[in-house]
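K.L.:
So that you have it, the file is query30.txt, and it contains compact mmCIF, C-alpha atoms:
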```txt
# COMPACT_ATOMS: atom_id res chain seq x y z
CA MET A 1 0.00 0.00 0.00
CA LYS A 2 1.23 3.47 -0.87
CA LEU A 3 -0.23 6.58 0.71
CA VAL A 4 -0.15 10.26 -0.03
CA ILE A 5 -0.23 12.57 2.99
CA GLY A 6 -0.43 16.31 3.15
CA SER A 7 -1.34 19.32 5.20
CA ASP A 8 -1.62 23.04 5.23
CA LYS A 9 -0.09 25.16 8.01
CA SER A 10 -2.94 24.41 10.44
CA GLY A 11 -2.59 20.66 10.04
CA PHE A 12 1.21 20.55 9.99
CA THR A 13 1.81 19.28 13.56
CA LEU A 14 -0.68 16.41 13.29
CA LYS A 15 0.59 15.50 9.81
CA GLU A 16 4.15 15.37 11.13
CA ARG A 17 3.09 12.94 13.88
CA ILE A 18 1.29 10.77 11.32
CA LYS A 19 4.35 10.90 9.08
CA GLN A 20 6.54 9.71 11.97
CA TYR A 21 4.14 6.82 12.64
CA LEU A 22 4.12 5.78 8.96
CA LEU A 23 7.93 5.81 8.88
CA GLU A 24 8.07 3.69 12.06
CA GLN A 25 5.64 1.18 10.52
CA GLY A 26 7.45 1.04 7.18
CA ILE A 27 4.37 2.26 5.30
CA ALA A 28 5.29 3.88 1.98
CA PHE A 29 4.01 7.40 1.45
CA GLU A 30 4.54 10.52 -0.57
CA GLU A 31 4.19 13.89 1.09
CA VAL A 32 2.51 16.90 -0.50
CA GLY A 33 1.79 20.38 0.75
CA THR A 34 3.36 22.15 3.68
CA ALA A 35 6.93 21.09 4.48
CA ASP A 36 7.65 24.17 6.63
CA PRO A 37 4.94 25.62 8.88
CA GLU A 38 6.31 29.12 8.32
CA LEU A 39 5.69 28.74 4.59
CA GLY A 40 2.33 26.98 4.65
CA VAL A 41 0.67 25.83 1.44
CA PRO A 42 -3.11 26.54 1.46
CA PHE A 43 -5.50 23.59 1.75
CA TYR A 44 -7.04 24.36 -1.64
CA LEU A 45 -3.65 23.74 -3.29
CA VAL A 46 -2.71 20.69 -1.20
CA ALA A 47 -5.91 18.66 -1.62
CA PRO A 48 -5.75 18.58 -5.45
CA GLN A 49 -2.19 17.22 -5.34
CA ALA A 50 -3.29 14.33 -3.12
CA ALA A 51 -6.58 13.74 -4.94
CA LYS A 52 -4.85 13.47 -8.31
CA ARG A 53 -2.40 10.91 -6.95
CA VAL A 54 -5.21 8.73 -5.61
CA GLN A 55 -7.28 9.31 -8.75
CA THR A 56 -4.47 8.12 -11.05
CA GLY A 57 -3.41 5.19 -8.85
CA ALA A 58 -0.06 6.72 -7.91
CA ALA A 59 -1.32 6.32 -4.33
CA ASP A 60 -3.85 3.84 -2.97
CA MET A 61 -5.23 6.14 -0.28
CA GLY A 62 -4.58 9.54 1.23
CA ILE A 63 -4.51 11.37 4.54
CA LEU A 64 -5.05 15.12 4.58
CA VAL A 65 -4.96 17.50 7.54
CA CYS A 66 -6.03 21.14 7.67
CA GLY A 67 -7.55 23.19 10.50
CA THR A 68 -10.89 21.37 10.59
CA GLY A 69 -10.47 18.75 7.84
CA MET A 70 -13.49 20.21 6.08
CA GLY A 71 -11.65 22.31 3.51
CA MET A 72 -9.43 19.43 2.43
CA SER A 73 -12.46 17.16 2.15
CA GLN A 74 -14.47 19.63 0.10
CA VAL A 75 -11.66 20.25 -2.38
CA ALA A 76 -10.59 16.59 -2.69
CA ASN A 77 -14.17 15.52 -3.37
CA LYS A 78 -14.22 17.68 -6.50
CA TYR A 79 -12.14 14.96 -8.20
CA ARG A 80 -13.77 11.99 -9.86
CA GLY A 81 -13.32 8.75 -7.94
CA ILE A 82 -12.35 10.49 -4.72
CA ARG A 83 -14.35 9.69 -1.62
CA ALA A 84 -12.77 11.93 1.01
CA ALA A 85 -14.26 11.85 4.49
CA CYS A 86 -13.82 14.49 7.17
CA VAL A 87 -13.68 12.47 10.37
CA GLU A 88 -13.43 13.36 14.06
CA SER A 89 -13.55 9.94 15.76
CA VAL A 90 -12.14 6.42 15.53
CA TYR A 91 -15.65 5.12 14.84
CA GLY A 92 -15.99 7.62 11.99
CA ALA A 93 -12.63 6.50 10.56
CA LYS A 94 -13.82 2.89 10.59
CA MET A 95 -17.24 3.57 9.15
CA CYS A 96 -16.07 5.89 6.38
CA ARG A 97 -14.10 2.92 5.06
CA ALA A 98 -16.57 0.13 5.86
CA VAL A 99 -19.68 1.96 4.63
CA ASN A 100 -18.47 4.57 2.14
CA ASP A 101 -15.19 3.01 0.94
CA SER A 102 -13.51 6.38 1.52
CA ASN A 103 -10.08 6.63 -0.02
CA ILE A 104 -8.93 9.85 1.63
CA LEU A 105 -9.10 10.49 5.38
CA CYS A 106 -9.37 14.19 6.29
CA MET A 107 -8.79 15.43 9.83
CA GLY A 108 -8.60 18.74 11.63
CA GLY A 109 -5.33 19.71 13.26
CA TRP A 110 -7.22 22.17 15.48
CA LEU A 111 -9.61 19.41 16.62
CA ILE A 112 -7.73 16.11 16.80
CA ALA A 113 -5.06 15.34 19.38
CA PRO A 114 -2.05 13.42 18.01
CA GLU A 115 -2.79 10.09 19.72
CA LEU A 116 -6.42 10.18 18.61
CA GLY A 117 -5.27 11.04 15.08
CA LEU A 118 -2.93 8.05 15.04
CA GLU A 119 -5.68 5.72 16.21
CA MET A 120 -7.93 7.11 13.48
CA VAL A 121 -5.20 6.50 10.87
CA ARG A 122 -4.59 2.94 12.12
CA THR A 123 -8.32 2.21 11.96
CA PHE A 124 -8.76 3.82 8.53
CA LEU A 125 -5.88 1.81 7.07
CA ALA A 126 -6.96 -1.47 8.68
CA THR A 127 -10.62 -1.36 7.62
CA GLY A 128 -11.90 -2.63 4.30
CA HIS A 129 -15.07 -1.74 2.46
CA THR A 130 -18.05 -3.63 4.00
CA GLN A 131 -15.79 -5.14 6.68
CA ASP A 132 -17.70 -6.51 9.71
CA LEU A 133 -21.10 -5.64 8.22
CA GLU A 134 -24.11 -7.92 7.78
CA ALA A 135 -24.45 -9.69 4.41
CA TRP A 136 -27.53 -7.69 3.40
CA ARG A 137 -25.75 -4.42 4.17
CA GLN A 138 -22.65 -5.51 2.25
CA LYS A 139 -24.77 -6.15 -0.85
CA PHE A 140 -26.58 -2.85 -0.41
CA LEU A 141 -23.30 -0.94 -0.12
CA LEU A 142 -21.70 -2.67 -3.11
CA ASP A 143 -24.79 -1.79 -5.17
CA ALA A 144 -24.64 1.78 -3.81
CA LYS A 145 -20.99 2.07 -4.84
CA GLU A 146 -21.93 1.05 -8.39
CA ALA A 147 -24.78 3.58 -8.42
CA PHE A 148 -22.38 6.24 -7.21
CA ALA A 149 -19.96 5.41 -10.03
CA GLN A 150 -22.80 5.73 -12.54
CA LEU A 151 -23.72 9.10 -11.04
CA GLU A 152 -20.11 10.23 -11.45
CA ASN A 153 -20.21 9.15 -15.10
CA THR A 154 -23.35 11.22 -15.60
CA ILE A 155 -21.79 14.25 -13.95
CA TYR A 156 -18.26 14.04 -15.32
CA GLY A 157 -18.66 12.10 -18.54
CA GLY A 158 -15.17 11.18 -19.72
CA ALA A 159 -13.43 13.94 -17.74
CA GLN A 160 -10.96 13.15 -14.95
CA ALA A 161 -11.62 16.09 -12.62
```
Using structure tokens, write down the structure that the file contains.

P.N.:
Amino acid sequence: MKLVIGSDKSGFTLKERIKQYLLEQGIAFEEVGTADPELGVPFYLVAPQAAKRVQTGAADMGILVCGTGMGMSQVANKYRGIRAACVESVYGAKMCRAVNDSNILCMGGWLIAPELGLEMVRTFLATGHTQDLEAWRQKFLLDAKEAFAQLENTIYGGAQA
């Protein structure tokens, strides 16, 4: 698995802690966005970099951190095939994968303490789509994912963004 991670100035501290964890675990990642908190890159420039990498398959999943996580999520979700979720709990991190098959986890550096953020990342990465759900719900969600893809085709046609 290869990840893309990124942050703006407001999410820098949490992103750095996540980066340290990924290095410790030997999880491959590419970093985009703010490398120096004094020279922050705005969320609306960071999210497209990550979204495009997931969209093209250069990364399997992404983790984005801004002040609230909302800006990153809104921008990333403008890209076809991206299912970014702004999450504030471990349960949310699990369910955004299990139910919505989210491929980008967005968190708020102003809202999420480092240890909670790490637990959310661990849960997000360890959970598969429809994992631990009843058979009827798994079928429903797989059908919903197909319907969502058809909706994207209607909206975007052959375009990538």

K.L.:
Could you tell me which of A:Val90, A:Cys66, A:Ala135, A:Ala85 comes closest to A:Gly40 if we count all atoms listed in the file?

P.N.:
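When distances to A:Gly40 are compared using all atoms listed in the file, the smallest one comes from A:Cys66.
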
K.L.:
Of the residues A:Val121, A:Ile155, A:Asp101, A:Glu115, which is the one nearest to A:Leu141, using all atoms listed in the file?

P.N.:
A:Asp101

K.L.:
Write out as number ranges by chain each polymer residue whose atoms come within 10 Å of A:Val41, counting all atoms listed in the file; drop sequence neighbours fewer than 6 positions from it.

P.N.:
A: 6-10, 32-35

K.L.:
Can you list, as a ChimeraX atom specification, every protein, DNA or RNA residue that comes within 10 Å of A:Gln74 when you count only C-alpha atoms, leaving out same-chain residues fewer than 6 positions away?

P.N.:
/A:43-44,47,84-86,106

K.L.:
What is the distance between atom CA of A:Lys94 and atom CA of A:Thr154, in Å to one decimal?

P.N.:
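Between atom CA of A:Lys94 and atom CA of A:Thr154 the gap works out to 29.1 Å.
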
K.L.:
Leaving out A:Ile18 and any residue of its chain fewer than 2 positions from it, which residues lie within 9 Å of it when counting all atoms listed in the file, given as a ChimeraX atom specification?

P.N.:
/A:5,13-16,20-23,63,114,117-118,121

K.L.:
How many Å lie between atom CA of A:Gly157 and atom CA of A:Ala51, rounded to one decimal?

P.N.:
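Atom CA of A:Ala51 lies 18.3 Å from atom CA of A:Gly157.
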
K.L.:
So how many Å separate atom CA of A:Gly92 and atom CA of A:Glu146, to one decimal?

P.N.:
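Interatomic distance, atom CA of A:Gly92 to atom CA of A:Glu146: 22.2 Å.
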
K.L.:
Mind checking which residues fall within 9 Å of A:Leu142, counting all atoms listed in the file, ignoring those fewer than 4 positions away in the same chain, and posting them as JSON, numbers by chain?

P.N.:
{"A": [129, 130, 137, 138, 146, 147]}

K.L.:
May I ask which of the residues A:Val4, A:Glu30, A:Arg83, A:Gly108 is the closest one to A:Val65, counting only C-alpha atoms?

P.N.:
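Of the candidates, the smallest distance to A:Val65 is held by A:Gly108.
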
K.L.:
Restricting the calculation to all atoms listed in the file, which member of A:Ser102, A:Ser89, A:Asn77, A:Gln150 is positioned closest to A:Asp60?

P.N.:
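Under the stated criterion, the closest residue is A:Ser102.
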
K.L.:
Which one of A:Val75, A:Ala98, A:Glu88, A:Gly26 sits closest to A:Gln49 if you count only C-alpha atoms?

P.N.:
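Smallest separation from A:Gln49 among the options: A:Val75.
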
K.L.:
Return the single residue from A:Ala93, A:Leu111, A:Ile82, A:Leu125 that is closest to A:Ala149, with distances computed using all atoms listed in the file.

P.N.:
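Counting all atoms listed in the file, the residue closest to A:Ala149 is A:Ile82.
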
K.L.:
Can you tell me, as a PDB file with C-alpha atoms, in the coordinates of the input, what residues are no more than 9 Å from A:Lys52 when counting all atoms listed in the file, ignoring any on the same chain fewer than 5 positions away?

P.N.:
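As a result, part.pdb now contains:
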```pdb
ATOM      1  CA  ALA A  47      -5.910  18.660  -1.620  1.00  0.00           C
ATOM      2  CA  GLY A  57      -3.410   5.190  -8.850  1.00  0.00           C
ATOM      3  CA  ALA A  58      -0.060   6.720  -7.910  1.00  0.00           C
ATOM      4  CA  ALA A  59      -1.320   6.320  -4.330  1.00  0.00           C
ATOM      5  CA  ALA A  76     -10.590  16.590  -2.690  1.00  0.00           C
ATOM      6  CA  TYR A  79     -12.140  14.960  -8.200  1.00  0.00           C
ATOM      7  CA  ILE A  82     -12.350  10.490  -4.720  1.00  0.00           C
ATOM      8  CA  ALA A 161     -11.620  16.090 -12.620  1.00  0.00           C
TER       9      ALA A 161
END
```

K.L.:
As a compact mmCIF listing (two decimals), in the frame of the given file, could you write out stretch 6-29 of chain A once it has been completed with N, CA and C atoms?

P.N.:
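Result file follows (part.txt):
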```txt
# COMPACT_ATOMS: atom_id res chain seq x y z
N GLY A 6 -0.69 14.89 3.34
CA GLY A 6 -0.43 16.31 3.15
C GLY A 6 -1.17 17.15 4.17
N SER A 7 -0.70 18.39 4.29
CA SER A 7 -1.34 19.32 5.20
C SER A 7 -1.11 20.74 4.74
N ASP A 8 -1.91 21.61 5.32
CA ASP A 8 -1.62 23.04 5.23
C ASP A 8 -0.93 23.42 6.54
N LYS A 9 -0.76 24.70 6.79
CA LYS A 9 -0.09 25.16 8.01
C LYS A 9 -0.82 24.70 9.27
N SER A 10 -2.15 24.75 9.25
CA SER A 10 -2.94 24.41 10.44
C SER A 10 -2.89 22.93 10.78
N GLY A 11 -2.64 22.09 9.80
CA GLY A 11 -2.59 20.66 10.04
C GLY A 11 -1.18 20.10 10.14
N PHE A 12 -0.19 20.98 10.07
CA PHE A 12 1.21 20.55 9.99
C PHE A 12 1.64 19.65 11.16
N THR A 13 1.34 20.04 12.38
CA THR A 13 1.81 19.28 13.56
C THR A 13 1.23 17.88 13.57
N LEU A 14 -0.07 17.74 13.32
CA LEU A 14 -0.68 16.41 13.29
C LEU A 14 -0.13 15.59 12.13
N LYS A 15 0.03 16.21 10.97
CA LYS A 15 0.59 15.50 9.81
C LYS A 15 1.99 14.99 10.11
N GLU A 16 2.80 15.79 10.79
CA GLU A 16 4.15 15.37 11.13
C GLU A 16 4.14 14.16 12.06
N ARG A 17 3.20 14.10 12.97
CA ARG A 17 3.09 12.94 13.88
C ARG A 17 2.66 11.71 13.10
N ILE A 18 1.73 11.88 12.17
CA ILE A 18 1.29 10.77 11.32
C ILE A 18 2.44 10.29 10.45
N LYS A 19 3.18 11.22 9.91
CA LYS A 19 4.35 10.90 9.08
C LYS A 19 5.36 10.06 9.88
N GLN A 20 5.63 10.46 11.11
CA GLN A 20 6.54 9.71 11.97
C GLN A 20 6.03 8.29 12.18
N TYR A 21 4.74 8.14 12.45
CA TYR A 21 4.14 6.82 12.64
C TYR A 21 4.30 5.96 11.37
N LEU A 22 4.01 6.53 10.21
CA LEU A 22 4.12 5.78 8.96
C LEU A 22 5.55 5.32 8.72
N LEU A 23 6.51 6.19 9.01
CA LEU A 23 7.93 5.81 8.88
C LEU A 23 8.27 4.66 9.82
N GLU A 24 7.80 4.75 11.07
CA GLU A 24 8.07 3.69 12.06
C GLU A 24 7.48 2.36 11.62
N GLN A 25 6.33 2.40 10.95
CA GLN A 25 5.64 1.18 10.52
C GLN A 25 6.11 0.67 9.16
N GLY A 26 6.97 1.43 8.49
CA GLY A 26 7.45 1.04 7.18
C GLY A 26 6.38 1.15 6.09
N ILE A 27 5.43 2.04 6.27
CA ILE A 27 4.37 2.26 5.30
C ILE A 27 4.83 3.31 4.30
N ALA A 28 4.83 2.96 3.03
CA ALA A 28 5.29 3.88 1.98
C ALA A 28 4.31 5.03 1.82
N PHE A 29 4.85 6.23 1.67
CA PHE A 29 4.01 7.40 1.45
C PHE A 29 4.78 8.46 0.69
```
